[in-house]
file my_file.txt (compact mmCIF, C-alpha atoms and all ligand atoms)
# COMPACT_ATOMS: atom_id res chain seq x y z
CA MET A 1 -42.98 -67.87 83.53
CA SER A 2 -43.17 -70.30 80.74
CA CYS A 3 -39.60 -71.04 79.72
CA HIS A 4 -39.05 -74.73 80.30
CA GLU A 5 -35.42 -74.03 81.17
CA SER A 6 -36.41 -72.33 84.42
CA SER A 7 -36.91 -75.54 86.36
CA LYS A 8 -33.33 -76.48 85.64
CA LEU A 9 -31.75 -73.06 85.62
CA VAL A 10 -33.04 -71.89 88.98
CA PRO A 11 -31.73 -74.77 91.08
CA ASP A 12 -28.53 -74.78 88.99
CA TYR A 13 -28.00 -71.21 90.06
CA PHE A 14 -27.88 -72.41 93.69
CA ASP A 15 -25.59 -75.30 92.84
CA GLU A 16 -22.02 -74.58 93.91
CA ALA A 17 -20.87 -77.69 92.09
CA LEU A 18 -21.74 -76.20 88.71
CA SER A 19 -18.76 -76.04 86.39
CA LEU A 20 -17.54 -72.74 85.01
CA GLN A 21 -18.68 -73.83 81.58
CA GLN A 22 -22.18 -74.65 82.79
CA ARG A 23 -22.36 -71.38 84.64
CA LYS A 24 -21.39 -69.45 81.52
CA ALA A 25 -24.07 -71.25 79.54
CA MET A 26 -26.60 -70.41 82.23
CA GLU A 27 -25.66 -66.74 82.16
CA ALA A 28 -25.85 -66.68 78.38
CA HIS A 29 -29.40 -68.04 78.53
CA LEU A 30 -30.37 -65.58 81.25
CA GLN A 31 -29.25 -62.66 79.07
CA ASP A 32 -31.90 -63.48 76.53
CA CYS A 33 -34.71 -64.98 78.62
CA ALA A 34 -37.00 -62.71 80.61
CA ASP A 35 -38.92 -65.70 82.02
CA CYS A 36 -35.83 -67.18 83.57
CA GLN A 37 -34.68 -63.78 84.82
CA GLU A 38 -37.98 -63.37 86.63
CA ALA A 39 -38.00 -66.91 87.96
CA LEU A 40 -34.48 -66.50 89.28
CA ALA A 41 -35.22 -63.14 90.88
CA GLU A 42 -38.17 -64.68 92.72
CA ALA A 43 -36.14 -67.65 93.87
CA LYS A 44 -33.42 -65.37 95.19
CA SER A 45 -36.00 -63.31 97.01
CA ILE A 46 -37.48 -66.39 98.69
CA ASN A 47 -34.06 -67.67 99.55
CA GLY A 48 -33.29 -64.28 101.07
CA GLN A 49 -36.50 -64.25 103.09
CA LEU A 50 -35.84 -67.72 104.47
CA ARG A 51 -32.37 -66.64 105.46
CA GLN A 52 -33.89 -63.94 107.64
CA TRP A 53 -34.15 -66.73 110.17
CA ARG A 54 -32.56 -65.74 113.47
CA ASP A 55 -31.49 -68.55 115.73
CA GLU A 56 -33.90 -69.24 118.57
CA PRO A 57 -32.33 -69.85 121.96
CA VAL A 58 -32.36 -73.46 123.10
CA PRO A 59 -34.82 -74.09 125.95
CA GLN A 60 -33.61 -75.82 129.09
CA TRP A 61 -33.02 -79.47 128.45
CA GLN A 62 -31.14 -82.47 129.81
CA ARG A 63 -27.87 -82.48 127.95
CA VAL A 64 -26.53 -85.61 129.55
CA PRO A 65 -29.09 -88.25 128.56
CA LYS A 66 -31.27 -89.66 131.34
CA GLN A 67 -30.05 -93.20 130.95
CA LEU A 68 -26.51 -91.99 131.53
CA GLN A 69 -27.25 -90.57 134.93
CA GLY A 70 -29.42 -91.78 137.76
CA SER A 71 -28.41 -94.31 140.35
CA GLY A 72 -28.27 -97.52 138.35
CA GLY A 73 -24.69 -98.38 137.46
CA SER A 74 -25.48 -100.62 134.54
CA ALA A 75 -27.61 -98.06 132.78
CA ARG A 76 -24.72 -95.66 132.34
CA PRO A 77 -21.97 -97.44 130.49
CA ARG A 78 -19.58 -94.53 130.07
CA PHE A 79 -20.40 -91.76 132.42
CA SER A 80 -19.41 -93.26 135.72
CA PHE A 81 -19.96 -91.58 138.99
CA TRP A 82 -16.30 -90.66 139.09
CA GLY A 83 -16.09 -89.53 135.53
CA GLN A 84 -18.95 -87.18 136.09
CA TRP A 85 -17.91 -85.74 139.38
CA ALA A 86 -14.18 -86.12 139.66
CA PRO A 87 -13.42 -82.48 138.80
CA LEU A 88 -15.93 -81.19 141.32
CA ALA A 89 -14.72 -83.76 143.81
CA GLY A 90 -11.18 -82.57 143.41
CA ALA A 91 -12.14 -78.97 143.94
CA PHE A 92 -14.29 -79.77 146.91
CA VAL A 93 -11.74 -81.95 148.64
CA MET A 94 -9.15 -79.24 148.13
CA ALA A 95 -11.47 -76.69 149.67
CA VAL A 96 -12.07 -78.96 152.63
CA ALA A 97 -8.37 -79.56 153.08
CA VAL A 98 -7.79 -75.84 153.16
CA LEU A 99 -10.70 -75.24 155.51
CA PHE A 100 -9.62 -77.78 158.05
CA ASN A 101 -5.94 -77.45 157.43
CA VAL A 102 -5.41 -81.15 157.83
CA GLN A 103 -3.21 -83.27 155.65
CA ILE A 104 -2.86 -86.99 155.80
CA GLN A 105 -0.21 -88.45 153.56
CA VAL A 106 -0.05 -92.15 153.04
CA GLN A 107 3.41 -93.20 152.00
CA ASP A 108 5.09 -96.43 151.13
CA ASN A 109 6.81 -96.65 154.44
CA GLY A 110 3.99 -95.45 156.65
CA PHE A 111 2.05 -92.26 156.98
CA SER A 112 2.58 -88.76 158.14
CA ILE A 113 0.16 -86.23 159.43
CA ALA A 114 0.61 -82.51 159.25
CA PHE A 115 -1.60 -80.20 161.26
CA GLY A 116 -1.61 -76.53 160.65
CA GLY A 117 -3.26 -73.52 162.19
CA ALA A 118 -5.34 -75.37 164.77
CA ALA A 119 -5.99 -73.17 167.78
CA GLY A 120 -4.18 -74.12 170.96
CA ILE A 121 -2.04 -76.72 169.30
CA ASP A 122 1.60 -76.33 168.52
CA ALA A 123 1.66 -77.87 165.11
CA GLY A 124 5.43 -77.90 164.99
CA VAL A 125 5.69 -79.89 168.19
CA ILE A 126 3.18 -82.44 167.02
CA ALA A 127 4.87 -82.77 163.67
CA ALA A 128 8.23 -83.15 165.34
CA GLN A 129 6.84 -85.79 167.68
CA LEU A 130 5.37 -87.65 164.82
CA GLU A 131 8.60 -87.50 162.91
CA GLU A 132 10.49 -88.73 165.94
CA PHE A 133 7.99 -91.47 166.45
CA GLU A 134 8.28 -92.52 162.84
CA ASN A 135 12.04 -92.56 162.98
CA GLU A 136 12.07 -94.63 166.13
CA GLN A 137 9.42 -97.02 165.10
CA ARG A 138 9.92 -97.36 161.40
CA ALA A 139 11.73 -100.65 161.54
CA ALA A 140 9.68 -102.21 164.33
CA GLN A 141 6.32 -100.98 163.17
CA GLN A 142 6.83 -101.32 159.45
CA GLN A 143 4.31 -104.08 159.10
CA THR A 144 1.71 -102.59 161.37
CA LEU A 145 1.99 -99.25 159.67
CA GLN A 146 1.52 -100.75 156.28
CA VAL A 147 -1.65 -102.43 157.40
CA LEU A 148 -2.86 -99.28 159.03
CA SER A 149 -2.01 -97.23 155.98
CA ALA A 150 -3.98 -99.53 153.79
CA GLN A 151 -6.93 -99.33 156.15
CA LEU A 152 -6.78 -95.58 156.22
CA GLU A 153 -6.52 -95.36 152.49
CA GLU A 154 -9.51 -97.58 152.04
CA ARG A 155 -11.46 -95.65 154.59
CA GLN A 156 -10.59 -92.35 152.97
CA ALA A 157 -11.63 -93.53 149.56
CA GLY A 158 -14.96 -94.74 150.90
CA ASN A 159 -15.53 -91.50 152.70
CA ASN A 160 -14.68 -89.40 149.69
CA ALA A 161 -17.17 -91.32 147.63
CA ARG A 162 -19.90 -90.87 150.21
CA LEU A 163 -19.03 -87.25 150.65
CA LEU A 164 -19.28 -86.71 146.94
CA GLU A 165 -22.56 -88.48 146.71
CA THR A 166 -23.87 -86.00 149.19
CA VAL A 167 -22.36 -83.10 147.30
CA ILE A 168 -24.07 -84.35 144.21
CA GLU A 169 -27.38 -84.71 145.97
CA GLN A 170 -27.06 -81.17 147.20
CA PHE A 171 -25.84 -79.54 144.04
CA GLY A 172 -26.80 -81.97 141.33
CA ASP A 173 -29.93 -80.29 140.12
CA SER A 174 -30.29 -77.24 142.21
CA THR A 175 -28.05 -74.48 143.39
CA THR A 176 -30.50 -73.27 145.98
CA ARG A 177 -29.54 -75.76 148.67
CA SER A 178 -27.19 -74.62 151.29
CA LEU A 179 -23.54 -75.42 151.42
CA GLU A 180 -24.03 -75.77 155.14
CA GLN A 181 -25.77 -79.07 154.72
CA VAL A 182 -22.84 -80.44 152.82
CA MET A 183 -20.45 -79.08 155.36
CA ALA A 184 -22.49 -80.64 158.16
CA TYR A 185 -22.28 -83.95 156.43
CA PHE A 186 -18.57 -83.54 155.95
CA GLU A 187 -18.16 -82.62 159.58
CA SER A 188 -19.89 -85.82 160.68
CA GLN A 189 -17.60 -87.76 158.35
CA ARG A 190 -14.61 -85.98 159.80
CA GLN A 191 -15.69 -86.96 163.29
CA GLN A 192 -15.88 -90.56 162.18
CA ASP A 193 -12.45 -90.32 160.61
CA LEU A 194 -10.99 -88.87 163.75
CA GLN A 195 -12.55 -91.66 165.74
CA LEU A 196 -10.98 -94.16 163.45
CA LEU A 197 -7.62 -92.45 163.70
CA GLN A 198 -7.98 -92.42 167.42
CA THR A 199 -8.67 -96.13 167.67
CA SER A 200 -5.95 -96.87 165.15
CA TYR A 201 -3.40 -94.96 167.10
CA GLN A 202 -4.60 -96.55 170.26
CA ARG A 203 -4.16 -99.98 168.78
CA LEU A 204 -0.73 -99.07 167.52
CA ALA A 205 0.17 -97.70 170.91
CA ASP A 206 -1.14 -100.77 172.68
CA SER A 207 1.06 -102.90 170.52
CA ASP A 208 4.16 -101.12 171.70
CA VAL A 209 4.27 -99.99 175.27
CA GLN A 210 7.63 -98.35 174.78
CA THR A 211 6.14 -95.56 172.75
CA ILE A 212 3.01 -95.26 174.82
CA ARG A 213 3.81 -91.76 175.89
CA SER A 214 4.23 -90.19 172.49
CA MET A 215 1.29 -92.20 171.18
CA GLN A 216 -0.87 -90.97 174.00
CA GLN A 217 -0.04 -87.42 173.05
CA LEU A 218 -1.11 -88.06 169.50
CA ALA A 219 -4.29 -89.70 170.68
CA ASN A 220 -4.97 -86.69 172.86
CA TYR A 221 -4.51 -84.43 169.94
CA VAL A 222 -6.93 -86.48 167.91
CA GLN A 223 -9.38 -86.35 170.77
CA TYR A 224 -9.02 -82.62 170.95
CA GLN A 225 -9.76 -82.24 167.26
CA GLY A 226 -12.72 -84.50 167.56
CA ASN A 227 -14.41 -82.40 170.20
CA MET B 228 -6.31 -74.58 119.69
CA SER B 229 -8.59 -74.54 116.67
CA PHE B 230 -12.31 -75.15 116.87
CA THR B 231 -11.79 -78.59 115.35
CA ASP B 232 -9.01 -79.42 117.78
CA GLN B 233 -11.24 -78.36 120.65
CA ASP B 234 -13.95 -80.63 119.32
CA GLU B 235 -11.54 -83.52 119.23
CA ALA B 236 -10.24 -82.84 122.71
CA LEU B 237 -13.80 -82.73 124.03
CA ILE B 238 -14.74 -85.89 122.16
CA SER B 239 -11.82 -87.78 123.54
CA ALA B 240 -12.52 -86.58 127.08
CA ALA B 241 -16.19 -87.50 126.68
CA LEU B 242 -15.17 -90.97 125.51
CA ASP B 243 -13.03 -91.25 128.61
CA GLY B 244 -16.16 -90.68 130.66
CA SER B 245 -16.21 -86.95 131.24
CA ALA B 246 -19.80 -85.78 131.31
CA ARG B 247 -18.58 -82.22 131.51
CA ALA B 248 -16.69 -82.57 128.26
CA TRP B 249 -19.80 -84.08 126.72
CA GLU B 250 -21.89 -81.19 127.95
CA ARG B 251 -19.46 -78.65 126.55
CA LEU B 252 -19.46 -80.44 123.23
CA VAL B 253 -23.26 -80.41 123.17
CA LYS B 254 -23.36 -76.72 123.99
CA ARG B 255 -21.20 -75.95 120.98
CA TYR B 256 -23.73 -77.44 118.62
CA GLU B 257 -27.11 -77.40 120.31
CA THR B 258 -28.21 -74.05 118.90
CA ARG B 259 -27.59 -75.21 115.35
CA VAL B 260 -29.24 -78.55 115.94
CA TYR B 261 -32.18 -77.03 117.77
CA ASN B 262 -32.88 -74.49 115.04
CA PHE B 263 -32.48 -77.16 112.40
CA SER B 264 -35.05 -79.21 114.32
CA LEU B 265 -37.35 -76.26 114.78
CA ARG B 266 -37.46 -75.46 111.10
CA LEU B 267 -38.10 -79.07 110.21
CA THR B 268 -40.74 -79.87 112.80
CA GLY B 269 -42.29 -76.41 113.11
CA ASN B 270 -42.85 -76.56 116.85
CA GLN B 271 -40.83 -76.46 120.00
CA THR B 272 -41.94 -79.77 121.50
CA ASP B 273 -41.00 -81.83 118.47
CA ALA B 274 -37.87 -79.78 117.96
CA LEU B 275 -36.71 -80.62 121.47
CA ASP B 276 -37.53 -84.28 120.93
CA LEU B 277 -35.59 -84.33 117.71
CA MET B 278 -32.63 -82.49 119.17
CA GLN B 279 -32.51 -84.93 122.06
CA GLU B 280 -32.56 -87.88 119.70
CA VAL B 281 -29.81 -86.34 117.62
CA PHE B 282 -27.49 -85.90 120.57
CA LEU B 283 -28.32 -89.30 121.94
CA GLY B 284 -27.41 -90.74 118.55
CA VAL B 285 -24.20 -88.73 118.53
CA TYR B 286 -23.37 -89.96 122.00
CA ARG B 287 -24.00 -93.59 121.18
CA ASN B 288 -21.89 -93.39 118.06
CA LEU B 289 -19.18 -91.13 119.38
CA HIS B 290 -16.66 -93.96 119.50
CA ARG B 291 -17.20 -94.40 115.77
CA PHE B 292 -16.24 -90.83 114.95
CA ARG B 293 -12.92 -91.03 113.16
CA GLY B 294 -11.98 -87.43 112.67
CA ASP B 295 -11.56 -87.82 108.90
CA ALA B 296 -14.64 -85.62 108.51
CA GLN B 297 -15.43 -82.49 110.46
CA PHE B 298 -17.34 -83.31 113.59
CA SER B 299 -20.09 -80.87 112.59
CA THR B 300 -20.52 -82.65 109.25
CA TRP B 301 -20.68 -85.99 110.98
CA LEU B 302 -23.10 -84.66 113.56
CA PHE B 303 -25.44 -83.25 110.94
CA ARG B 304 -25.45 -86.56 109.09
CA ILE B 305 -26.85 -88.05 112.25
CA ALA B 306 -29.22 -85.11 112.61
CA HIS B 307 -30.47 -85.69 109.09
CA ASN B 308 -30.98 -89.40 109.68
CA LYS B 309 -32.81 -88.78 112.93
CA ALA B 310 -35.02 -86.23 111.23
CA VAL B 311 -35.87 -88.76 108.54
CA ASP B 312 -36.58 -91.41 111.19
CA MET B 313 -38.80 -89.01 113.04
CA SER B 314 -40.69 -88.07 109.90
CA ARG B 315 -41.30 -91.74 109.20
CA ARG B 316 -42.56 -92.28 112.69
CA LYS B 317 -44.91 -89.40 113.07
CA TYR B 318 -44.49 -86.46 110.81
CA MET B 319 -45.96 -87.94 107.68
CA VAL B 320 -48.72 -89.70 109.55
CA THR B 321 -50.16 -86.63 111.17
CA SER B 322 -48.86 -84.60 108.34
CA LEU B 323 -49.28 -81.16 107.22
CA SER B 324 -51.25 -81.12 104.09
CA SER B 325 -49.49 -82.37 101.10
CA VAL B 326 -48.96 -85.79 99.68
CA ALA B 327 -45.60 -87.09 100.65
CA GLY B 328 -43.41 -88.81 98.15
CA GLN B 329 -44.79 -87.14 95.06
CA GLU B 330 -43.57 -84.20 93.13
CA GLN B 331 -46.39 -81.81 92.58
CA SER B 332 -47.60 -80.31 89.34
CA ASP B 333 -48.66 -76.69 89.19
CA ASP B 334 -52.31 -77.68 89.63
CA ASP B 335 -51.44 -79.55 92.79
CA VAL B 336 -49.71 -76.46 94.02
CA LEU B 337 -52.88 -74.42 93.77
CA ASP B 338 -54.99 -77.07 95.47
CA HIS B 339 -52.40 -77.33 98.09
CA ILE B 340 -52.47 -73.65 98.89
CA ALA B 341 -56.26 -73.51 98.80
CA ASN B 342 -56.32 -76.27 101.41
CA ASP B 343 -53.59 -74.70 103.43
CA ASN B 344 -54.24 -75.32 107.06
CA GLY B 345 -52.29 -76.08 110.15
CA ALA B 346 -49.81 -73.32 109.55
CA HIS B 347 -51.69 -70.94 111.78
CA ASP B 348 -52.27 -73.21 114.71
CA PRO B 349 -51.20 -71.01 117.64
CA GLN B 350 -49.21 -73.91 119.06
CA ARG B 351 -47.03 -73.85 116.04
CA VAL B 352 -46.30 -70.17 116.00
CA LEU B 353 -43.14 -69.19 117.78
CA SER B 354 -42.97 -66.38 120.16
CA THR B 355 -39.62 -64.74 119.94
CA THR B 356 -39.31 -63.21 116.54
CA GLN B 357 -42.02 -62.50 114.06
CA SER B 358 -39.87 -63.38 111.10
CA ASN B 359 -39.08 -66.85 112.44
CA ALA B 360 -42.79 -67.47 112.96
CA GLU B 361 -43.44 -66.36 109.40
CA ILE B 362 -40.72 -68.61 108.09
CA ILE B 363 -42.14 -71.57 110.00
CA GLY B 364 -45.56 -70.70 108.61
CA CYS B 365 -44.13 -70.83 105.10
CA LEU B 366 -42.21 -74.05 105.60
CA ASP B 367 -45.34 -75.66 107.01
CA ILE B 368 -46.94 -75.68 103.60
CA LEU B 369 -44.19 -77.89 102.19
CA ASN B 370 -44.28 -81.62 102.36
CA TRP B 371 -41.60 -83.34 104.30
CA GLU B 372 -39.23 -84.02 101.44
CA GLN B 373 -39.43 -80.51 100.09
CA ARG B 374 -38.93 -79.12 103.53
CA LEU B 375 -35.85 -81.24 104.08
CA VAL B 376 -34.31 -80.18 100.77
CA VAL B 377 -34.92 -76.52 101.60
CA GLU B 378 -33.35 -77.02 105.01
CA LEU B 379 -30.30 -78.74 103.60
CA LYS B 380 -29.86 -76.29 100.76
CA VAL B 381 -30.80 -72.92 102.24
CA PHE B 382 -29.85 -73.36 105.88
CA GLN B 383 -27.18 -76.05 105.86
CA SER B 384 -25.66 -74.95 102.54
CA HIS B 385 -25.16 -78.43 101.17
CA THR B 386 -24.55 -79.00 97.49
CA PHE B 387 -27.20 -80.87 95.52
CA ASP B 388 -24.76 -83.75 95.16
CA GLU B 389 -24.47 -84.00 98.93
CA ILE B 390 -28.22 -83.77 99.37
CA ALA B 391 -28.69 -86.45 96.74
CA GLU B 392 -26.28 -88.74 98.53
CA MET B 393 -27.87 -88.17 101.93
CA GLN B 394 -31.37 -88.72 100.60
CA ASP B 395 -30.42 -91.56 98.31
CA ILE B 396 -31.93 -89.75 95.33
CA SER B 397 -30.42 -88.31 92.17
CA ALA B 398 -29.08 -84.77 92.13
CA ASN B 399 -31.72 -83.92 89.55
CA THR B 400 -34.50 -85.10 91.83
CA ALA B 401 -33.05 -82.98 94.61
CA LYS B 402 -33.03 -79.98 92.28
CA THR B 403 -36.59 -80.62 91.18
CA ARG B 404 -37.77 -80.81 94.77
CA PHE B 405 -35.97 -77.61 95.57
CA TYR B 406 -37.49 -75.83 92.60
CA THR B 407 -40.99 -77.06 93.44
CA ALA B 408 -40.53 -75.99 97.04
CA LEU B 409 -39.49 -72.49 95.99
CA LYS B 410 -42.53 -72.19 93.74
CA LEU B 411 -44.83 -73.30 96.56
CA LEU B 412 -43.23 -70.84 98.93
CA LYS B 413 -43.54 -68.02 96.43
CA ALA B 414 -47.23 -68.73 95.87
CA HIS B 415 -47.81 -68.92 99.61
CA MET B 416 -46.00 -65.65 100.26
CA GLU B 417 -47.99 -63.87 97.57
CA GLN B 418 -51.22 -65.18 99.05
CA SER B 419 -50.20 -64.06 102.52
CA HIS B 420 -49.47 -60.58 101.25
CA GLU B 421 -52.83 -60.35 99.52
CA LEU B 422 -54.60 -61.40 102.70
CA SER B 423 -52.80 -58.97 104.91
ZN ZN A 501 -35.45 -69.36 80.04

call {"tool": "encode", "arguments": {"input": "my_file.txt", "output": "structure tokens", "more": "lines below"}}
Ligand SMILES: [Zn+2]
result
Amino acid sequence: MSCHESSKLVPDYFDEALSLQQRKAMEAHLQDCADCQEALAEAKSINGQLRQWRDEPVPQWQRVPKQLQGSGGSARPRFSFWGQWAPLAGAFVMAVAVLFNVQIQVQDNGFSIAFGGAAGIDAGVIAAQLEEFENEQRAAQQQTLQVLSAQLEERQAGNNARLLETVIEQFGDSTTRSLEQVMAYFESQRQQDLQLLQTSYQRLADSDVQTIRSMQQLANYVQYQGN
Amino acid sequence: MSFTDQDEALISAALDGSARAWERLVKRYETRVYNFSLRLTGNQTDALDLMQEVFLGVYRNLHRFRGDAQFSTWLFRIAHNKAVDMSRRKYMVTSLSSVAGQEQSDDDVLDHIANDNGAHDPQRVLSTTQSNAEIIGCLDILNWEQRLVVELKVFQSHTFDEIAEMQDISANTAKTRFYTALKLLKAHMEQSHELS
């Protein structure tokens, strides 16, 4: 291997940017030069051996950088709690809604509650009563309802956040923990919510003795669910 | 949706704060980045460190990605820079065996091989496939710059012009390094065969 062209010819061979003209010149030299032929054959062989590399699997590692998780808000500029967990949150809240068959809709002009499938309760009757109540009271209670709606909304948001924090604690790093623990937490939250609903309704009822009867029925229902 | 479009959708979701999108984006490239890191550092611990730094760098600069280049190209620019940073920090200090920053003459090559050590440290040898361990063993005899050129040329398929630009050297220097590296590898492989 003594041809001084080899040191240029070999890397040129691996250079895709080589012009057609240069490549022709290279091939012409190779035809006549045994040294360069040998040098090139060796280089190709080494290149081939290196390319025997088979990708190693990636070991377990923390894909979302440490400083982007954890509890400190300031240390994670982009990946907020909600950004990270919103999809899971959505799925979980949906599952809970299905499980408990309870829907609370906050609307511009008040709120409506739909109960479905609860044992011993005629959901249709309750819904009808609520609708009747709303129709009767809409004008008179507009203001009170708006305040109550806002309170409920706020309360719900706070609860969802806390619920999710628990979900994250349970499922964040391990899948071995039981769903039951999360459900137990949710159940305690639900009890609190029902209590709040109960007192809210009570307050609303107290403010208007004329509807005390229908309100009492709603409160009873809430009580029943809370037991 | 093309692979590139998917990248861009994931990037934009990640920028909007979706950690899941970020994770999916990482998963698309981590094998390439990890194996790149493994070949350059020669051991799993450093490879993981390097990979983590690469993705952290990608994350921090994600808002600067403009989409005029392929995301993979952009990502591997960062990977290259992080690898260089890492080599400056530790690789060359503890280094393998050769003198960094110098092209070697044929005499140096022989000395170098005679003094070959470190390549057979059990910590450095990988478990999964014999051929990968052998390849790491070979690459270990190269100095950092030669190793990087081999990585960029053989495994990342860059042109010498691209390598030159990334390394801030001339294309001819890149070619010389590549040629020297191949000669070193050939001598090492021959020696290994004689020994075995
Ligand atoms: Zn020749």

call {"tool": "residues_near_ligand", "arguments": {"input": "my_file.txt", "ligand": "ligand ZN 501 (chain A)", "cutoff": "12 Å", "atoms": "all atoms listed in the file", "output": "PyMOL selection string"}}
result
chain A and resi 1-10+25-40

call {"tool": "write_last_selection", "arguments": {"input": "my_file.txt", "atoms": "C-alpha atoms", "output": "PDB file, in the coordinates of the input"}}
result
ATOM      1  CA  MET A   1     -42.980 -67.870  83.530  1.00  0.00           C
ATOM      2  CA  SER A   2     -43.170 -70.300  80.740  1.00  0.00           C
ATOM      3  CA  CYS A   3     -39.600 -71.040  79.720  1.00  0.00           C
ATOM      4  CA  HIS A   4     -39.050 -74.730  80.300  1.00  0.00           C
ATOM      5  CA  GLU A   5     -35.420 -74.030  81.170  1.00  0.00           C
ATOM      6  CA  SER A   6     -36.410 -72.330  84.420  1.00  0.00           C
ATOM      7  CA  SER A   7     -36.910 -75.540  86.360  1.00  0.00           C
ATOM      8  CA  LYS A   8     -33.330 -76.480  85.640  1.00  0.00           C
ATOM      9  CA  LEU A   9     -31.750 -73.060  85.620  1.00  0.00           C
ATOM     10  CA  VAL A  10     -33.040 -71.890  88.980  1.00  0.00           C
ATOM     11  CA  ALA A  25     -24.070 -71.250  79.540  1.00  0.00           C
ATOM     12  CA  MET A  26     -26.600 -70.410  82.230  1.00  0.00           C
ATOM     13  CA  GLU A  27     -25.660 -66.740  82.160  1.00  0.00           C
ATOM     14  CA  ALA A  28     -25.850 -66.680  78.380  1.00  0.00           C
ATOM     15  CA  HIS A  29     -29.400 -68.040  78.530  1.00  0.00           C
ATOM     16  CA  LEU A  30     -30.370 -65.580  81.250  1.00  0.00           C
ATOM     17  CA  GLN A  31     -29.250 -62.660  79.070  1.00  0.00           C
ATOM     18  CA  ASP A  32     -31.900 -63.480  76.530  1.00  0.00           C
ATOM     19  CA  CYS A  33     -34.710 -64.980  78.620  1.00  0.00           C
ATOM     20  CA  ALA A  34     -37.000 -62.710  80.610  1.00  0.00           C
ATOM     21  CA  ASP A  35     -38.920 -65.700  82.020  1.00  0.00           C
ATOM     22  CA  CYS A  36     -35.830 -67.180  83.570  1.00  0.00           C
ATOM     23  CA  GLN A  37     -34.680 -63.780  84.820  1.00  0.00           C
ATOM     24  CA  GLU A  38     -37.980 -63.370  86.630  1.00  0.00           C
ATOM     25  CA  ALA A  39     -38.000 -66.910  87.960  1.00  0.00           C
ATOM     26  CA  LEU A  40     -34.480 -66.500  89.280  1.00  0.00           C
TER      27      LEU A  40
END

call {"tool": "closest_residue", "arguments": {"input": "my_file.txt", "among": "B:His307, B:Ile362, B:Ala296, B:Met228", "to": "chain A", "atoms": "all atoms listed in the file"}}
result
B:Ile362

call {"tool": "closest_atom_pairs", "arguments": {"input": "my_file.txt", "of": "chain A", "to": "chain B", "cutoff": "8 Å", "atoms": "all atoms listed in the file", "output": "tab-separated table"}}
result
residue	atom	partner	partner_atom	distance
A:Ser7	CA	B:Tyr406	CA	6.3
A:Lys8	CA	B:Lys402	CA	7.5
A:Val10	CA	B:Tyr406	CA	7.0
A:Pro11	CA	B:Lys402	CA	5.5
A:Asp12	CA	B:Lys402	CA	7.6
A:Asp15	CA	B:Thr386	CA	6.0
A:Glu16	CA	B:Thr386	CA	6.2
A:Ala17	CA	B:Thr386	CA	6.7
A:Glu42	CA	B:Lys413	CA	7.3
A:Ala43	CA	B:Leu409	CA	6.3
A:Ile46	CA	B:Lys413	CA	6.7
A:Asn47	CA	B:Val381	CA	6.7
A:Gln49	CA	B:Ile362	CA	7.9
A:Leu50	CA	B:Ile362	CA	6.1
A:Arg51	CA	B:Phe382	CA	7.2
A:Gln52	CA	B:Ser358	CA	6.9
A:Trp53	CA	B:Asn359	CA	5.4
A:Arg54	CA	B:Asn359	CA	6.7
A:Asp55	CA	B:Asn262	CA	6.1
A:Glu56	CA	B:Asn262	CA	6.4
A:Pro57	CA	B:Thr258	CA	6.6
A:Val58	CA	B:Thr258	CA	5.9
A:Trp61	CA	B:Leu275	CA	8.0
A:Arg63	CA	B:Glu250	CA	6.1
A:Val64	CA	B:Glu250	CA	6.6
A:Pro65	CA	B:Leu283	CA	6.7
A:Arg78	CA	B:Gly244	CA	5.2
A:Phe79	CA	B:Gly244	CA	4.7
A:Ser80	CA	B:Gly244	CA	6.5
A:Gly83	CA	B:Gly244	CA	5.0
A:Gln84	CA	B:Ala246	CA	5.1

call {"tool": "atom_distance", "arguments": {"input": "my_file.txt", "atom1": "atom CA of Leu375 of chain B", "atom2": "atom CA of Leu267 of chain B"}}
result
6.9 Å

call {"tool": "residues_near_point", "arguments": {"input": "my_file.txt", "point": "(-37.9, -83.1, 114.3)", "cutoff": "6 Å", "atoms": "only C-alpha atoms", "output": "ChimeraX atom specification"}}
result
/B:264,267-268,273-274,277,310

call {"tool": "atom_distance", "arguments": {"input": "my_file.txt", "atom1": "atom CA of His420 of chain B", "atom2": "atom CA of Thr272 of chain B"}}
result
28.9 Å

call {"tool": "atom_distance", "arguments": {"input": "my_file.txt", "atom1": "atom CA of Lys24 of chain A", "atom2": "atom CA of Ala391 of chain B"}}
result
24.0 Å

call {"tool": "axis_aligned_box", "arguments": {"input": "my_file.txt", "around": "segment 40-58 of chain A", "padding_each_side": "3 Å", "output": "JSON"}}
result
{"center_x": -34.8, "center_y": -68.3, "center_z": 106.2, "size_x": 12.7, "size_y": 16.3, "size_z": 39.8}

call {"tool": "closest_residue", "arguments": {"input": "my_file.txt", "among": "B:Phe230, B:Asp367, B:Leu379, B:Arg315", "to": "Ser299 of chain B", "atoms": "all atoms listed in the file"}}
result
B:Phe230

call {"tool": "closest_residue", "arguments": {"input": "my_file.txt", "among": "B:Leu411, B:Val281, B:Ile238, B:Ile396", "to": "Arg304 of chain B", "atoms": "only C-alpha atoms"}}
result
B:Val281

call {"tool": "closest_residue", "arguments": {"input": "my_file.txt", "among": "B:Asp395, B:Glu417, B:Asp295, B:Glu235", "to": "Asn308 of chain B", "atoms": "all atoms listed in the file"}}
result
B:Asp395
